[in-house]
Amino acid sequence: DTEVTQTPKHLVMGMTNKKSLKCEQHMGHRAMYWYKQKAKKPPELMFVYSYEKLSINESVPSRFSPECPNSSLLNLHLHALQPEDSALYLCASSQDGQGITEAFFGQGTRLTVV
Amino acid sequence: RKEVEQDPGPFNVPEGATVAFNCTYSNSASQSFFWYRQDCRKEPKLLMSVYSSGNEDGRFTAQLNRASQYISLLIRDSKLSDSATYLCVVFGAHAGNNRKLIWGLGTSLAVNP
């Protein structure tokens, strides 16, 4: 079962709000990812966790704060976002910690910042 | 040269047609190769991993040419449901940091009745 579950599916938040996106996988995958995707663009990598440790931060602004509480869960904490942060936020996981194997995506959270 | 390059299309083909997409990559040390499919406003879904020996899954065939640094995807007997964006993804494509997936911009396919 290649399933990555993300909640919520849709989120509207104000620029002063704090919210969190959640991602869960029960495939025993060792790498988990956050991507951001704008319309008609490919996914853009934000963070990679490998064996529950942050291994890549693609110079993401600090208003985005990732957290990996355990090997199955990945959160993305949002604070003081800007309207240009509105996008589809995708969580993914892959079996090996390096990301060499296939990555499987959740359905995404469509975020609108107002 | 872009790290991973695809023809953006759009490709408009009739049902039943055969269509082929190519994708070139710049780093000869790239390690893994994938094709993903993405429908409008949905998440990318893995279509195929691409192996050195080539692989086939029903109407879909993927091939890797390391010498020329490209991968291809062939779709036979196109269905209306094949209409989507096809994304070429390469692991290790980035010469400066080869520990991540690099995505092409995608090729748009429209299969018409």
# chains A, B, ... in the order shown; residues from 1 in each chain; ligands from 1
>>> residues_around(residues="stretch 44-61 of chain A", least_positions_apart="6", cutoff="12 Å", atoms="only C-alpha atoms", output="NGL selection string")
(:A and (28-38 or 67-82 or 85 or 87-100 or 103)) or (:B and (89 or 97-105))
>>> interface_residues(of="chain A", to="chain B", cutoff="7 Å", atoms="only C-alpha atoms", output="PyMOL selection string")
chain A and resi 41-42+98-100+104-108
>>> closest_residue(among="A:Lys22, A:Thr16, A:Arg63, A:Pro43", to="A:Val114", atoms="only C-alpha atoms")
A:Thr16
>>> atom_distance(atom1="atom CA of A:Met15", atom2="atom CA of A:Pro83")
7.6 Å
>>> select_by_dssp(residues="chain B", states="strand (DSSP E or B)", output="ChimeraX atom specification")
/B:4-6,11-14,19-25,32-38,45-50,55-57,60-65,70-75,84-91,101-103,107-112
>>> residues_around(residues="stretch 66-70 of chain B", least_positions_apart="6", cutoff="12 Å", atoms="only C-alpha atoms", output="number ranges by chain")
B: 3-6, 21-34, 50-54, 88-90, 93
>>> residues_around(residues="B:Arg59", least_positions_apart="5", cutoff="12 Å", atoms="only C-alpha atoms", output="list in words")
Gly16, Ala17, Thr18, Val19, Ala20, Leu47, Met48, Leu73, Leu74, Ile75, Arg76, Asp77, Ser78, Lys79 and Asp82 of chain B
>>> closest_residue(among="B:Lys2, B:Leu64, B:Pro113, B:Ser72", to="B:Tyr86", atoms="only C-alpha atoms")
B:Ser72
>>> decode(residues="stretch 34-83 of chain A", atoms="C-alpha atoms", output="PDB file, in the first residue's frame")
ATOM      1  CA  TRP A  34       8.060  18.680   1.731  1.00  0.00           C
ATOM      2  CA  TYR A  35       7.533  20.187  -1.695  1.00  0.00           C
ATOM      3  CA  LYS A  36       5.809  23.366  -2.816  1.00  0.00           C
ATOM      4  CA  GLN A  37       4.115  23.505  -6.200  1.00  0.00           C
ATOM      5  CA  LYS A  38       2.786  26.513  -8.041  1.00  0.00           C
ATOM      6  CA  ALA A  39       0.423  26.221 -11.002  1.00  0.00           C
ATOM      7  CA  LYS A  40       2.014  24.900 -14.204  1.00  0.00           C
ATOM      8  CA  LYS A  41       5.380  24.404 -12.477  1.00  0.00           C
ATOM      9  CA  PRO A  42       7.054  21.236 -11.254  1.00  0.00           C
ATOM     10  CA  PRO A  43       7.274  20.538  -7.521  1.00  0.00           C
ATOM     11  CA  GLU A  44       9.953  22.560  -5.766  1.00  0.00           C
ATOM     12  CA  LEU A  45      11.831  20.848  -2.952  1.00  0.00           C
ATOM     13  CA  MET A  46      11.684  22.536   0.447  1.00  0.00           C
ATOM     14  CA  PHE A  47      12.941  20.034   3.040  1.00  0.00           C
ATOM     15  CA  VAL A  48      14.186  16.467   3.252  1.00  0.00           C
ATOM     16  CA  TYR A  49      14.217  14.346   6.387  1.00  0.00           C
ATOM     17  CA  SER A  50      16.363  11.245   6.279  1.00  0.00           C
ATOM     18  CA  TYR A  51      16.082   8.814   9.197  1.00  0.00           C
ATOM     19  CA  GLU A  52      14.139  11.496  11.093  1.00  0.00           C
ATOM     20  CA  LYS A  53      16.911  14.070  10.747  1.00  0.00           C
ATOM     21  CA  LEU A  54      16.740  17.161   8.590  1.00  0.00           C
ATOM     22  CA  SER A  55      19.165  16.516   5.752  1.00  0.00           C
ATOM     23  CA  ILE A  56      18.235  19.185   3.228  1.00  0.00           C
ATOM     24  CA  ASN A  57      16.793  22.669   3.680  1.00  0.00           C
ATOM     25  CA  GLU A  58      16.542  24.397   0.331  1.00  0.00           C
ATOM     26  CA  SER A  59      17.030  27.868   1.835  1.00  0.00           C
ATOM     27  CA  VAL A  60      13.379  28.015   2.806  1.00  0.00           C
ATOM     28  CA  PRO A  61      12.263  31.135   4.735  1.00  0.00           C
ATOM     29  CA  SER A  62      11.955  30.619   8.476  1.00  0.00           C
ATOM     30  CA  ARG A  63       8.202  31.229   8.348  1.00  0.00           C
ATOM     31  CA  PHE A  64       8.125  27.564   7.278  1.00  0.00           C
ATOM     32  CA  SER A  65       9.289  25.236  10.036  1.00  0.00           C
ATOM     33  CA  PRO A  66       9.439  21.472   9.498  1.00  0.00           C
ATOM     34  CA  GLU A  67       9.223  18.870  12.220  1.00  0.00           C
ATOM     35  CA  CYS A  68       9.593  15.112  12.160  1.00  0.00           C
ATOM     36  CA  PRO A  69       8.181  13.718  15.433  1.00  0.00           C
ATOM     37  CA  ASN A  70       8.826  10.110  14.405  1.00  0.00           C
ATOM     38  CA  SER A  71       9.572   7.985  11.386  1.00  0.00           C
ATOM     39  CA  SER A  72       5.947   8.034  10.210  1.00  0.00           C
ATOM     40  CA  LEU A  73       5.030  11.665  10.725  1.00  0.00           C
ATOM     41  CA  LEU A  74       6.101  14.929   9.170  1.00  0.00           C
ATOM     42  CA  ASN A  75       4.721  18.349   9.992  1.00  0.00           C
ATOM     43  CA  LEU A  76       5.137  21.744   8.436  1.00  0.00           C
ATOM     44  CA  HIS A  77       4.460  24.648  10.768  1.00  0.00           C
ATOM     45  CA  LEU A  78       3.391  27.871   9.114  1.00  0.00           C
ATOM     46  CA  HIS A  79       3.624  31.326  10.630  1.00  0.00           C
ATOM     47  CA  ALA A  80       3.333  34.831   9.209  1.00  0.00           C
ATOM     48  CA  LEU A  81       2.976  33.660   5.642  1.00  0.00           C
ATOM     49  CA  GLN A  82       2.661  35.929   2.645  1.00  0.00           C
ATOM     50  CA  PRO A  83       0.076  35.740  -0.152  1.00  0.00           C
TER      51      PRO A  83
END
